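Participant: My file is final_30.cif. It has mmCIF, C-alpha atoms:
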data_structure
#
loop_
_atom_site.label_atom_id
_atom_site.label_comp_id
_atom_site.auth_asym_id
_atom_site.auth_seq_id
_atom_site.Cartn_x
_atom_site.Cartn_y
_atom_site.Cartn_z
CA MET A 106 115.81 128.70 62.75
CA ASN A 107 118.78 126.38 62.78
CA ILE A 108 120.40 124.55 65.66
CA ASP A 109 123.70 122.93 64.87
CA PRO A 110 123.72 119.12 64.73
CA ILE A 111 125.23 117.49 67.80
CA LYS A 112 128.09 115.02 67.71
CA ASN A 113 127.52 113.09 70.92
CA GLY A 114 124.30 113.47 72.84
CA VAL A 115 120.58 112.88 72.85
CA VAL A 116 117.78 114.19 70.67
CA ILE A 117 114.20 113.83 71.89
CA ASP A 118 112.19 114.16 68.73
CA HIS A 119 108.54 114.15 67.67
CA ILE A 120 107.39 115.66 70.95
CA THR A 121 103.79 116.83 70.67
CA ALA A 122 103.87 120.61 70.20
CA GLY A 123 103.39 122.26 73.58
CA CYS A 124 104.78 119.34 75.62
CA GLY A 125 108.45 120.23 75.21
CA MET A 126 108.69 122.59 78.17
CA LYS A 127 106.94 120.15 80.48
CA LEU A 128 109.37 117.43 79.45
CA TYR A 129 112.30 119.81 79.85
CA THR A 130 111.16 120.57 83.40
CA LEU A 131 110.37 117.00 84.48
CA LEU A 132 113.69 115.74 83.12
CA GLY A 133 115.46 118.41 85.14
CA LEU A 134 117.35 119.63 82.08
CA GLY A 135 117.52 123.16 83.43
CA GLY A 136 119.91 121.93 86.11
CA LEU A 137 122.42 120.41 83.67
CA ASN A 138 125.69 122.14 83.01
CA VAL A 139 125.69 121.21 79.31
CA PRO A 140 124.19 122.87 76.23
CA VAL A 141 120.50 122.02 75.86
CA ALA A 142 118.20 123.33 73.14
CA LEU A 143 114.42 123.30 73.37
CA ILE A 144 112.81 123.96 70.02
CA THR A 145 109.09 124.54 70.00
CA ASN A 146 106.70 124.48 67.08
CA ALA A 147 109.22 123.04 64.66
CA GLN A 148 107.84 121.85 61.35
CA SER A 149 106.93 118.17 61.22
CA GLY A 150 105.92 116.09 58.23
CA LYS A 151 103.79 113.78 60.40
CA LYS A 152 102.35 116.11 63.00
CA GLY A 153 102.45 119.53 61.33
CA LYS A 154 104.20 120.96 64.41
CA LYS A 155 106.42 119.33 66.98
CA ASP A 156 108.80 120.17 69.79
CA VAL A 157 112.38 118.91 69.87
CA ILE A 158 114.96 118.78 72.66
CA LYS A 159 118.67 118.48 71.88
CA ILE A 160 121.14 117.70 74.64
CA ASP A 161 124.78 118.16 73.71
CA ALA A 162 126.12 115.49 76.09
CA ASP A 163 125.87 111.73 76.34
CA ILE A 164 123.56 111.50 79.34
CA ASN A 165 121.00 108.94 80.40
CA VAL A 166 117.53 110.31 79.82
CA ASP A 167 114.79 108.89 82.05
CA LEU A 168 112.72 107.12 79.40
CA ASP A 169 109.82 106.66 81.83
CA VAL A 170 109.48 110.42 82.06
CA VAL A 171 109.52 110.81 78.28
CA GLY A 172 107.00 107.99 77.84
CA PHE A 173 104.78 109.51 80.54
CA VAL A 174 104.75 113.01 79.05
CA ASP A 175 104.53 111.94 75.44
CA PRO A 176 104.44 108.27 74.42
CA GLY A 177 104.62 109.41 70.80
CA ALA A 178 108.10 110.92 71.22
CA THR A 179 111.32 109.21 70.15
CA VAL A 180 114.69 109.32 71.87
CA ASN A 181 117.72 109.23 69.58
CA VAL A 182 121.15 108.63 71.00
CA ILE A 183 123.77 110.35 68.84
CA ARG A 184 127.36 109.10 68.69
CA ASP A 185 129.99 110.53 66.32
CA GLY A 186 127.29 112.56 64.63
CA LYS A 187 125.15 109.51 63.76
CA VAL A 188 122.02 108.00 65.28
CA ALA A 189 123.41 105.08 67.27
CA GLU A 190 120.11 104.13 68.97
CA LYS A 191 116.50 105.05 68.35
CA LYS A 192 114.05 104.36 71.15
CA ASN A 193 110.28 104.46 70.78
CA MET A 194 108.36 105.37 73.88
CA LYS A 195 105.32 103.85 75.58
CA LEU A 196 103.42 104.70 78.73
CA PRO A 197 105.46 103.36 81.65
CA SER A 198 103.59 101.03 84.00
CA LYS A 199 105.14 102.73 87.03
CA LEU A 200 106.40 106.24 87.76
CA VAL A 201 108.85 106.78 90.58
CA ASN A 202 109.50 110.35 91.79
CA VAL A 203 108.29 111.93 88.57
CA ILE A 204 105.08 113.53 89.82
CA LYS A 205 103.79 114.20 93.32
CA CYS A 206 100.58 113.10 94.97
CA ARG A 207 98.40 116.14 95.65
CA ASN A 208 96.11 114.40 98.13
CA PRO A 209 96.71 116.06 101.51
CA ARG A 210 95.37 112.93 103.23
CA CYS A 211 97.98 110.70 101.56
CA ILE A 212 100.87 109.34 103.63
CA THR A 213 103.26 110.76 101.01
CA SER A 214 102.42 114.23 102.34
CA THR A 215 104.05 113.49 105.70
CA GLU A 216 106.29 110.42 105.55
CA GLN A 217 109.96 111.32 105.34
CA GLU A 218 111.76 110.55 102.05
CA LEU A 219 109.02 108.29 100.80
CA ASP A 220 109.21 107.65 97.06
CA GLN A 221 106.31 109.11 95.10
CA ILE A 222 105.06 106.09 93.17
CA PHE A 223 102.25 106.09 90.63
CA MET A 224 100.89 103.05 88.80
CA LEU A 225 99.27 103.03 85.34
CA THR A 226 95.75 101.75 86.04
CA ASP A 227 94.04 102.63 82.77
CA GLU A 228 96.23 102.80 79.67
CA LYS A 229 93.39 103.91 77.39
CA ASN A 230 92.66 107.00 79.47
CA LYS A 231 96.28 107.46 80.59
CA THR A 232 95.26 107.21 84.23
CA TYR A 233 97.93 106.98 86.89
CA ARG A 234 97.07 106.45 90.55
CA CYS A 235 99.13 106.93 93.66
CA LEU A 236 100.33 103.58 94.98
CA TYR A 237 99.47 104.62 98.52
CA CYS A 238 96.14 106.46 98.44
CA GLU A 239 95.00 105.52 94.89
CA GLY A 240 94.38 109.19 94.19
CA LYS A 241 94.35 110.06 90.51
CA ALA A 242 97.39 111.90 89.20
CA ASN A 243 96.85 115.32 87.73
CA VAL A 244 98.46 114.77 84.35
CA MET B 221 105.62 87.06 105.63
CA ARG B 222 102.39 88.45 104.33
CA SER B 223 100.31 91.51 105.11
CA VAL B 224 96.70 92.45 104.44
CA ILE B 225 96.35 96.07 103.41
CA ASP B 226 93.41 95.90 101.06
CA ILE B 227 90.59 93.37 100.84
CA THR B 228 91.86 92.48 97.36
CA ASP B 229 95.00 91.09 98.99
CA LEU B 230 92.81 88.09 99.79
CA SER B 231 91.54 85.83 97.02
CA LYS B 232 87.93 84.72 96.84
CA GLU B 233 89.02 81.26 97.98
CA GLU B 234 90.91 82.73 100.93
CA LEU B 235 87.82 84.75 101.90
CA TYR B 236 85.71 81.60 101.91
CA GLY B 237 88.46 79.90 103.94
CA LEU B 238 88.39 82.69 106.54
CA ILE B 239 84.59 82.54 106.72
CA ASP B 240 84.79 78.77 107.27
CA THR B 241 87.38 79.24 110.02
CA ALA B 242 85.30 81.97 111.68
CA ASN B 243 82.22 79.75 111.62
CA ASP B 244 84.27 76.93 113.16
CA ILE B 245 85.55 79.29 115.90
CA ILE B 246 81.94 80.26 116.68
CA GLU B 247 80.97 76.59 116.94
CA ASN B 248 84.13 75.33 118.69
CA PRO B 249 85.88 78.17 120.52
CA GLY B 250 87.78 75.79 122.82
CA LYS B 251 89.64 74.31 119.86
CA TYR B 252 91.28 77.69 119.24
CA ALA B 253 91.90 78.79 122.83
CA HIS B 254 95.67 78.19 122.68
CA ALA B 255 96.29 78.47 118.93
CA CYS B 256 98.39 81.66 119.32
CA ALA B 257 99.95 80.92 122.71
CA GLY B 258 103.30 82.69 123.00
CA LYS B 259 102.50 85.11 120.17
CA LYS B 260 102.08 88.87 120.56
CA LEU B 261 99.82 91.22 118.63
CA ALA B 262 100.79 94.91 118.57
CA THR B 263 97.86 97.25 118.08
CA LEU B 264 99.08 100.61 116.77
CA PHE B 265 96.24 103.07 116.71
CA PHE B 266 97.23 106.58 115.62
CA GLU B 267 93.54 107.45 115.41
CA PRO B 268 90.78 106.87 118.00
CA SER B 269 88.96 103.56 117.79
CA THR B 270 86.90 101.47 120.18
CA ARG B 271 85.46 98.57 118.26
CA THR B 272 88.29 97.76 115.93
CA ARG B 273 91.07 97.93 118.50
CA MET B 274 89.15 96.06 121.20
CA SER B 275 87.97 93.54 118.64
CA PHE B 276 91.56 92.82 117.60
CA GLU B 277 92.69 92.59 121.20
CA ALA B 278 89.78 90.34 122.22
CA ALA B 279 90.47 88.17 119.17
CA MET B 280 94.12 87.69 120.13
CA TYR B 281 93.26 86.92 123.76
CA GLU B 282 90.68 84.34 122.67
CA LEU B 283 93.39 82.67 120.60
CA GLY B 284 95.61 82.42 123.68
CA GLY B 285 98.01 85.15 122.55
CA SER B 286 98.88 88.45 124.19
CA VAL B 287 98.65 92.08 123.16
CA ILE B 288 100.86 95.14 123.34
CA SER B 289 99.18 98.40 122.55
CA MET B 290 99.71 101.94 121.39
CA THR B 291 96.32 103.58 121.63
CA ASP B 292 97.02 107.23 121.05
CA GLY B 293 99.32 108.68 118.44
CA ALA B 294 99.72 111.84 120.51
CA SER B 295 101.47 109.92 123.30
CA SER B 296 103.76 107.91 121.01
CA SER B 297 107.00 108.65 119.20
CA ALA B 298 104.92 109.68 116.21
CA SER B 299 104.23 112.91 118.06
CA LYS B 300 108.00 113.47 118.10
CA GLY B 301 108.07 113.11 114.34
CA GLU B 302 108.91 109.42 113.98
CA SER B 303 107.96 108.07 110.58
CA VAL B 304 105.45 105.27 110.09
CA SER B 305 108.22 103.26 108.50
CA ASP B 306 110.51 103.54 111.54
CA THR B 307 107.65 102.78 113.92
CA ALA B 308 106.84 99.60 111.99
CA LYS B 309 110.49 98.47 112.05
CA ILE B 310 110.72 99.02 115.80
CA VAL B 311 107.45 97.33 116.65
CA SER B 312 108.47 94.35 114.51
CA CYS B 313 111.16 93.75 117.14
CA TYR B 314 108.55 93.33 119.86
CA ALA B 315 105.53 91.67 118.25
CA ASP B 316 104.69 88.77 115.93
CA ILE B 317 101.96 90.63 114.10
CA ILE B 318 100.79 94.25 113.86
CA ALA B 319 97.30 95.72 113.49
CA MET B 320 97.57 99.40 112.58
CA ARG B 321 95.15 102.29 112.16
CA HIS B 322 96.43 105.60 110.86
CA PRO B 323 94.69 108.75 109.60
CA LYS B 324 96.83 108.97 106.45
CA GLU B 325 95.81 107.04 103.35
CA GLY B 326 98.43 104.46 102.40
CA ALA B 327 100.06 104.43 105.85
CA ALA B 328 99.45 100.70 106.28
CA LEU B 329 101.24 99.95 103.02
CA VAL B 330 104.25 101.97 104.17
CA ALA B 331 104.24 100.03 107.46
CA ALA B 332 103.94 96.69 105.68
CA LYS B 333 106.92 97.49 103.43
CA ALA B 334 109.07 98.32 106.45
CA ALA B 335 107.88 95.72 108.96
CA THR B 336 109.39 92.27 109.30
CA VAL B 337 106.15 90.79 110.65
CA PRO B 338 102.68 90.70 109.06
CA VAL B 339 100.76 93.99 109.13
CA ILE B 340 96.98 94.14 109.13
CA ASN B 341 95.46 97.41 107.99
CA ALA B 342 92.93 98.39 110.64
CA GLY B 343 91.97 101.48 108.66
CA ASP B 344 94.09 104.03 106.78
CA GLY B 345 92.23 107.31 106.62
CA GLY B 346 89.36 107.23 104.18
CA HIS B 347 91.07 104.59 102.08
CA CYS B 348 90.69 100.93 103.15
CA HIS B 349 89.42 98.95 106.10
CA PRO B 350 89.72 95.31 105.09
CA THR B 351 88.92 93.68 108.45
CA GLN B 352 85.64 95.58 108.63
CA THR B 353 84.90 94.05 105.25
CA LEU B 354 85.70 90.62 106.64
CA ALA B 355 83.13 91.29 109.38
CA ASP B 356 80.66 92.46 106.73
CA LEU B 357 81.16 89.35 104.61
CA LEU B 358 80.64 86.99 107.55
CA THR B 359 77.51 88.93 108.54
CA ILE B 360 76.03 88.73 105.04
CA SER B 361 77.04 85.08 104.70
CA ARG B 362 75.51 84.06 108.04
CA GLU B 363 72.41 86.25 107.92
CA LYS B 364 71.52 85.89 104.24
CA GLY B 365 73.05 82.46 103.65
CA ARG B 366 74.88 83.60 100.52
CA LEU B 367 77.26 86.19 99.08
CA ASP B 368 75.85 86.25 95.56
CA ASP B 369 72.43 87.15 94.10
CA LEU B 370 72.02 90.16 96.36
CA THR B 371 70.86 93.77 96.02
CA ILE B 372 72.93 95.82 98.44
CA GLY B 373 72.14 99.42 99.31
CA LEU B 374 75.04 101.52 100.54
CA CYS B 375 73.83 104.67 102.23
CA GLY B 376 75.40 107.85 103.63
CA ASP B 377 78.99 108.94 103.22
CA LEU B 378 80.18 106.98 100.22
CA LYS B 379 83.01 109.43 99.47
CA PHE B 380 85.09 109.05 102.61
CA GLY B 381 83.53 105.80 103.84
CA ARG B 382 86.44 103.38 103.61
CA THR B 383 84.25 100.47 104.71
CA VAL B 384 82.05 101.08 101.71
CA HIS B 385 85.00 101.09 99.30
CA SER B 386 86.37 97.85 100.69
CA LEU B 387 82.94 96.16 100.67
CA ILE B 388 82.31 97.12 97.05
CA ASN B 389 85.71 95.71 96.13
CA ALA B 390 84.91 92.45 97.90
CA MET B 391 81.39 92.11 96.47
CA SER B 392 82.66 92.70 92.93
CA ARG B 393 83.91 89.11 92.97
CA TYR B 394 80.52 87.54 93.58
CA GLU B 395 77.88 86.73 90.98
CA ASN B 396 74.83 88.87 90.35
CA VAL B 397 75.42 91.49 93.02
CA ARG B 398 73.51 94.71 92.35
CA LEU B 399 74.47 97.92 94.13
CA VAL B 400 72.22 100.85 95.00
CA LEU B 401 74.39 103.82 96.00
CA ILE B 402 72.42 106.22 98.19
CA SER B 403 74.14 109.50 99.08
CA PRO B 404 73.97 113.26 98.73
CA GLU B 405 75.69 114.58 95.61
CA GLU B 406 78.72 115.79 97.60
CA LEU B 407 79.34 112.42 99.21
CA ARG B 408 79.11 110.21 96.15
CA LEU B 409 81.50 107.35 95.59
CA PRO B 410 84.97 108.47 94.35
CA ASP B 411 85.61 107.79 90.68
CA TYR B 412 88.47 105.42 91.42
CA VAL B 413 86.04 103.06 93.08
CA TYR B 414 83.19 103.68 90.66
CA ASN B 415 85.23 103.31 87.47
CA ASP B 416 87.94 100.89 88.53
CA VAL B 417 85.74 98.49 90.51
CA ILE B 418 82.08 98.84 89.55
CA VAL B 419 82.44 99.67 85.85
CA LYS B 420 85.49 97.46 85.30
CA ASN B 421 83.78 94.42 86.81
CA GLY B 422 80.49 95.09 85.04
CA MET B 423 78.54 95.32 88.31
CA LYS B 424 74.94 96.42 88.12
CA CYS B 425 74.64 99.74 89.91
CA VAL B 426 72.30 102.70 90.34
CA GLN B 427 72.99 105.97 92.15
CA THR B 428 70.28 107.87 93.96
CA SER B 429 69.82 110.32 96.79
CA ASP B 430 66.42 108.84 97.78
CA LEU B 431 66.60 106.24 100.54
CA SER B 432 62.83 105.66 100.59
CA TRP B 433 62.84 104.87 96.88
CA ALA B 434 65.70 102.41 97.29
CA LEU B 435 64.52 100.55 100.40
CA PRO B 436 61.93 98.13 98.96
CA GLN B 437 64.50 96.69 96.52
CA LEU B 438 67.19 95.84 99.02
CA ASP B 439 68.36 92.55 100.52
CA VAL B 440 71.02 94.37 102.54
CA LEU B 441 71.06 98.00 103.69
CA TYR B 442 74.54 99.16 104.70
CA MET B 443 74.25 102.46 106.59
CA THR B 444 77.27 104.69 107.25
CA ARG B 445 78.00 107.69 109.41
CA VAL B 446 78.95 111.05 107.93
CA GLN B 447 82.41 111.35 109.47
CA ARG B 448 83.23 114.72 110.97
CA GLU B 449 86.96 113.91 111.03
CA ARG B 450 87.11 113.61 107.22
CA PHE B 451 85.89 117.16 106.57
CA PHE B 452 88.19 120.16 106.29
CA ASN B 453 85.17 122.42 106.54
CA GLU B 454 82.83 122.20 109.55
CA GLU B 455 80.02 123.90 107.63
CA ASP B 456 79.97 121.12 105.03
CA TYR B 457 79.83 118.52 107.79
CA LEU B 458 76.92 120.22 109.55
CA ARG B 459 75.01 120.55 106.29
CA LEU B 460 75.39 116.89 105.36
CA LYS B 461 75.44 115.01 108.65
CA ASP B 462 71.68 114.43 108.90
CA SER B 463 71.14 113.50 105.26
CA TYR B 464 69.75 110.04 106.10
CA ILE B 465 68.12 108.78 109.26
CA LEU B 466 66.71 105.26 109.28
CA THR B 467 63.54 105.06 111.37
CA PRO B 468 60.99 102.30 112.13
CA GLU B 469 58.62 104.05 109.69
CA LYS B 470 61.17 103.79 106.88
CA MET B 471 61.84 100.16 107.81
CA GLY B 472 58.15 99.57 107.02
CA HIS B 473 59.06 99.96 103.32
CA ALA B 474 61.81 97.33 103.46
CA LYS B 475 61.55 93.62 102.71
CA PRO B 476 60.76 91.45 105.73
CA ASP B 477 64.09 89.65 105.37
CA MET B 478 66.28 92.66 104.54
CA ILE B 479 69.18 93.07 106.97
CA VAL B 480 70.50 96.42 108.24
CA MET B 481 74.23 96.71 108.70
CA HIS B 482 76.44 99.53 109.98
CA PRO B 483 80.20 99.53 110.62
CA LEU B 484 79.58 101.63 113.78
CA PRO B 485 79.93 103.96 115.56
CA ARG B 486 76.45 105.19 114.89
CA VAL B 487 75.62 108.82 115.60
CA ASN B 488 72.00 109.39 114.62
CA GLU B 489 71.72 107.81 111.17
CA ILE B 490 69.89 104.81 112.63
CA SER B 491 67.23 105.58 115.21
CA VAL B 492 67.71 103.51 118.39
CA LYS B 493 64.09 102.44 117.87
CA VAL B 494 65.31 100.29 114.97
CA ASP B 495 67.59 98.29 117.28
CA ASP B 496 64.80 95.95 118.37
CA ASP B 497 63.82 95.16 114.79
CA PRO B 498 65.04 91.59 114.07
CA ARG B 499 66.46 92.89 110.78
CA ALA B 500 68.96 95.09 112.64
CA CYS B 501 72.27 93.21 112.45
CA TYR B 502 74.85 95.87 113.32
CA PHE B 503 75.64 94.63 116.81
CA LYS B 504 76.00 91.06 115.56
CA GLN B 505 78.22 92.45 112.82
CA ALA B 506 80.60 93.84 115.47
CA LEU B 507 80.73 90.41 117.12
CA TYR B 508 81.36 88.67 113.82
CA GLY B 509 84.25 91.06 113.24
CA LYS B 510 86.06 89.59 116.20
CA TYR B 511 85.75 86.06 114.80
CA MET B 512 86.97 87.12 111.37
CA ARG B 513 89.94 88.91 112.94
CA GLU B 514 90.72 85.71 114.80
CA ALA B 515 90.57 83.79 111.53
CA LEU B 516 92.85 86.32 109.84
CA ILE B 517 95.41 86.34 112.66
CA LEU B 518 95.49 82.53 112.59
CA SER B 519 96.03 82.56 108.86
CA LEU B 520 98.80 85.19 108.86
CA LEU B 521 100.63 83.51 111.73
CA SER B 522 100.08 80.05 110.19
CA ALA B 523 98.77 79.03 113.60
CA ASN B 524 96.77 75.84 113.97
CA PRO B 525 93.92 74.92 116.32
CA GLU B 526 94.03 71.84 118.49
CA LYS B 527 92.88 68.70 116.67
#
Since I need it in another form, could you write the structure as structure tokens?

Facilitator:
Amino acid sequence: MNIDPIKNGVVIDHITAGCGMKLYTLLGLGGLNVPVALITNAQSGKKGKKDVIKIDADINVDLDVVGFVDPGATVNVIRDGKVAEKKNMKLPSKLVNVIKCRNPRCITSTEQELDQIFMLTDEKNKTYRCLYCEGKANV
Amino acid sequence: MRSVIDITDLSKEELYGLIDTANDIIENPGKYAHACAGKKLATLFFEPSTRTRMSFEAAMYELGGSVISMTDGASSSASKGESVSDTAKIVSCYADIIAMRHPKEGAALVAAKAATVPVINAGDGGHCHPTQTLADLLTISREKGRLDDLTIGLCGDLKFGRTVHSLINAMSRYENVRLVLISPEELRLPDYVYNDVIVKNGMKCVQTSDLSWALPQLDVLYMTRVQRERFFNEEDYLRLKDSYILTPEKMGHAKPDMIVMHPLPRVNEISVKVDDDPRACYFKQALYGKYMREALILSLLSANPEK
């Protein structure tokens, strides 16, 4: 299957196969009024299979979200058909309004317009905890 | 402007400083009688409390300050839907320092971010209760003469028991502290405390459901109540509430110098017959809490005693 190369936009590459849709959702790409392609199970020399997202517009992608979902992914910014920037991801130390605290006893469940903030407390086990109640994020 | 939300907001040195101040208040109360003159403490209690609120209020009065109070969330603007954040901003206009209890976990942090005066967390749901821990530390320090080289048994509701979580956090900083966690399976310590505090700090720890087995090893027994208000399911509460009851017979298995602590209120987990045992320290613990709250208020307001 072929997707045409993009001239100006963003390519999120080397996404672990199966994580593409989650990333698509968390980045809110479904709400954009620009062409977006989600390719799943594409062939990969390194991983065997990978997912790829192509966005045909020069938008700012929330790198914290990409790093959170898949720190092994890369974000390529395309300008005039060439890779102008290549960004490697890592687990962000803090997530703001990316995921929600599921603890019904947490203040985030009732306080109006309170940011949902999670802190990385254990990088090895990819553990994020709610800043307010310290509840573990369901990743 | 500084707030105390979690016991870890205070360094080990600051904890020793507060203990020293509290001991000095006990010895020389007159020196501190006007230290907070002209200052107001607001006690915001969105959840019922007797000891903690009265302890804070007594502490402020003994420092020569005054108190304004909100004692029932149902009669406040919170019942009209006012946010914690807005409440904290408003109360900052009226008081120099705030002590707040709220049923939601993390509420004190939200208040501290919004307030323009120091906020002391007087309990946020099942999360943290740092001033109870200050009372606990002064009790252990005065009754055992040390904060290290101790075997501490924590018994009862270790899942929702915020005092237990805060105490474990505090004790993780002292040398050679061994924990014996005594609870039914369903009320075991949450993993965020077990992994992030006990395991991370390399504390020695065993978990058991057998109080009688644990008793002879302990220097300190910290009993807790199974809290009805933390359960969504009444059946679970009824099944677990009588898991542990400390009796004079059980005390016969304990060391002669072990101390029994309890954050109170007690329901039936310590028989009243234990009260006369010289090892029962829970009423002293409540008194010590007042002195530690005085020390904390002094510190956060940068108030000084008379020379």

Participant: Could you pull the residues within 10 Å of Glu406 (chain B), counting all atoms listed in the file, minus those fewer than 6 positions along the same chain, as a VMD selection string?

Facilitator: chain B and resid 377 to 379 456 460

Participant: Output C-alpha atoms of each residue in that selection to a file, as a CSV table (one decimal), in the coordinates of the input.

Facilitator:
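Ended up saving to selection_3.csv:
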chain,number,residue,atom,x,y,z
B,377,ASP,CA,79.0,108.9,103.2
B,378,LEU,CA,80.2,107.0,100.2
B,379,LYS,CA,83.0,109.4,99.5
B,456,ASP,CA,80.0,121.1,105.0
B,460,LEU,CA,75.4,116.9,105.4

Participant: Which residues of chain A are close to chain B, meaning at most 7 Å apart when you count all atoms listed in the file, and how do they look as a PyMOL selection string?

Facilitator: chain A and resi 210-212+216-217+237-238

Participant: So that I can see what lies close to Asn488 (chain B), please list as JSON, numbers by chain the residues with an atom at most 10 Å from it, counting only C-alpha atoms and leaving out residues fewer than 6 positions away in the same chain.

Facilitator: {"B": [445, 446, 461, 462, 464, 465, 466]}

Participant: Starting from the displayed file, determine the output of the PyMOL selection byres ((chain A and resi 190) around 12) and express the residue list as a PyMOL selection string.

Facilitator: chain A and resi 113-117+179-184+186-189+191-193

Participant: Keeping only C-alpha atoms, take the residues you just selected and write them out as a compact mmCIF listing (two decimals), keeping the file's coordinate frame.

Facilitator:
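Printed below is out-v3.txt as written:
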# COMPACT_ATOMS: atom_id res chain seq x y z
CA ASN A 113 127.52 113.09 70.92
CA GLY A 114 124.30 113.47 72.84
CA VAL A 115 120.58 112.88 72.85
CA VAL A 116 117.78 114.19 70.67
CA ILE A 117 114.20 113.83 71.89
CA THR A 179 111.32 109.21 70.15
CA VAL A 180 114.69 109.32 71.87
CA ASN A 181 117.72 109.23 69.58
CA VAL A 182 121.15 108.63 71.00
CA ILE A 183 123.77 110.35 68.84
CA ARG A 184 127.36 109.10 68.69
CA GLY A 186 127.29 112.56 64.63
CA LYS A 187 125.15 109.51 63.76
CA VAL A 188 122.02 108.00 65.28
CA ALA A 189 123.41 105.08 67.27
CA LYS A 191 116.50 105.05 68.35
CA LYS A 192 114.05 104.36 71.15
CA ASN A 193 110.28 104.46 70.78

Participant: Applying 10 Å and all atoms listed in the file, which residues near Thr336 (chain B) remain after dropping the ones on its own chain fewer than 3 positions away? List them as a list in words.

Facilitator: Met221, Arg222, Ala308, Lys309, Ile310, Val311, Ser312, Cys313, Ala315, Asp316, Ile317, Ile318, Ala331, Ala332, Lys333 and Val339 of chain B

Participant: By how many Å are CA of Leu521 (chain B) and CA of Ser231 (chain B) apart?

Facilitator: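 So the two atoms, CA of Leu521 (chain B) and CA of Ser231 (chain B), lie 17.4 Å apart.
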
Participant: Would you compute the distance between CA of Asn243 (chain A) and CA of His385 (chain B)? Give it in Å to one decimal.

Facilitator: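 Between these atoms lies a distance of 21.8 Å.
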
Participant: Quick one: apply the PyMOL selection byres ((chain A and resi 160-174) around 7) to the file and drop the selected residues here as a list of chain:residue names.

Facilitator: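 So the PyMOL selection byres ((chain A and resi 160-174) around 7) ends up selecting A:Ile111, A:Asn113, A:Gly114, A:Val115, A:Val116, A:Leu128, A:Leu132, A:Val139, A:Pro140, A:Val141, A:Ala142, A:Ile158, A:Lys159, A:Asp175, A:Pro176, A:Met194, A:Lys195, A:Leu196, A:Pro197, A:Leu200, A:Val203.
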
Participant: Name all residues at most 12 Å from region 427-434 of chain B (count only C-alpha atoms; drop same-chain ones fewer than 4 positions away) and give them as a tab-separated table (two decimals) with C-alpha atoms, in the coordinates of the input.

Facilitator:
chain	number	residue	atom	x	y	z
B	371	THR	CA	70.86	93.77	96.02
B	372	ILE	CA	72.93	95.82	98.44
B	373	GLY	CA	72.14	99.42	99.31
B	374	LEU	CA	75.04	101.52	100.54
B	375	CYS	CA	73.83	104.67	102.23
B	376	GLY	CA	75.40	107.85	103.63
B	377	ASP	CA	78.99	108.94	103.22
B	378	LEU	CA	80.18	106.98	100.22
B	398	ARG	CA	73.51	94.71	92.35
B	399	LEU	CA	74.47	97.92	94.13
B	400	VAL	CA	72.22	100.85	95.00
B	401	LEU	CA	74.39	103.82	96.00
B	402	ILE	CA	72.42	106.22	98.19
B	403	SER	CA	74.14	109.50	99.08
B	404	PRO	CA	73.97	113.26	98.73
B	405	GLU	CA	75.69	114.58	95.61
B	406	GLU	CA	78.72	115.79	97.60
B	407	LEU	CA	79.34	112.42	99.21
B	408	ARG	CA	79.11	110.21	96.15
B	409	LEU	CA	81.50	107.35	95.59
B	414	TYR	CA	83.19	103.68	90.66
B	418	ILE	CA	82.08	98.84	89.55
B	438	LEU	CA	67.19	95.84	99.02
B	439	ASP	CA	68.36	92.55	100.52
B	440	VAL	CA	71.02	94.37	102.54
B	441	LEU	CA	71.06	98.00	103.69
B	442	TYR	CA	74.54	99.16	104.70
B	443	MET	CA	74.25	102.46	106.59
B	463	SER	CA	71.14	113.50	105.26
B	464	TYR	CA	69.75	110.04	106.10
B	465	ILE	CA	68.12	108.78	109.26
B	466	LEU	CA	66.71	105.26	109.28
B	467	THR	CA	63.54	105.06	111.37
B	469	GLU	CA	58.62	104.05	109.69
B	470	LYS	CA	61.17	103.79	106.88
B	471	MET	CA	61.84	100.16	107.81
B	472	GLY	CA	58.15	99.57	107.02
B	473	HIS	CA	59.06	99.96	103.32
B	474	ALA	CA	61.81	97.33	103.46
B	475	LYS	CA	61.55	93.62	102.71
B	489	GLU	CA	71.72	107.81	111.17

Participant: To test your reading of the syntax: which residues would the PyMOL selection byres ((chain B and resi 240) around 12) return for the file shown? Reply as a compact mmCIF listing (two decimals) with C-alpha atoms, in the coordinates of the input.

Facilitator:
# COMPACT_ATOMS: atom_id res chain seq x y z
CA GLU B 233 89.02 81.26 97.98
CA GLU B 234 90.91 82.73 100.93
CA LEU B 235 87.82 84.75 101.90
CA TYR B 236 85.71 81.60 101.91
CA GLY B 237 88.46 79.90 103.94
CA LEU B 238 88.39 82.69 106.54
CA ILE B 239 84.59 82.54 106.72
CA THR B 241 87.38 79.24 110.02
CA ALA B 242 85.30 81.97 111.68
CA ASN B 243 82.22 79.75 111.62
CA ASP B 244 84.27 76.93 113.16
CA ILE B 245 85.55 79.29 115.90
CA ILE B 246 81.94 80.26 116.68
CA GLU B 247 80.97 76.59 116.94
CA ASN B 248 84.13 75.33 118.69
CA LEU B 354 85.70 90.62 106.64
CA LEU B 357 81.16 89.35 104.61
CA LEU B 358 80.64 86.99 107.55
CA SER B 361 77.04 85.08 104.70
CA ARG B 362 75.51 84.06 108.04
CA TYR B 511 85.75 86.06 114.80
CA MET B 512 86.97 87.12 111.37
CA GLU B 514 90.72 85.71 114.80
CA ALA B 515 90.57 83.79 111.53
CA LEU B 516 92.85 86.32 109.84
CA SER B 519 96.03 82.56 108.86
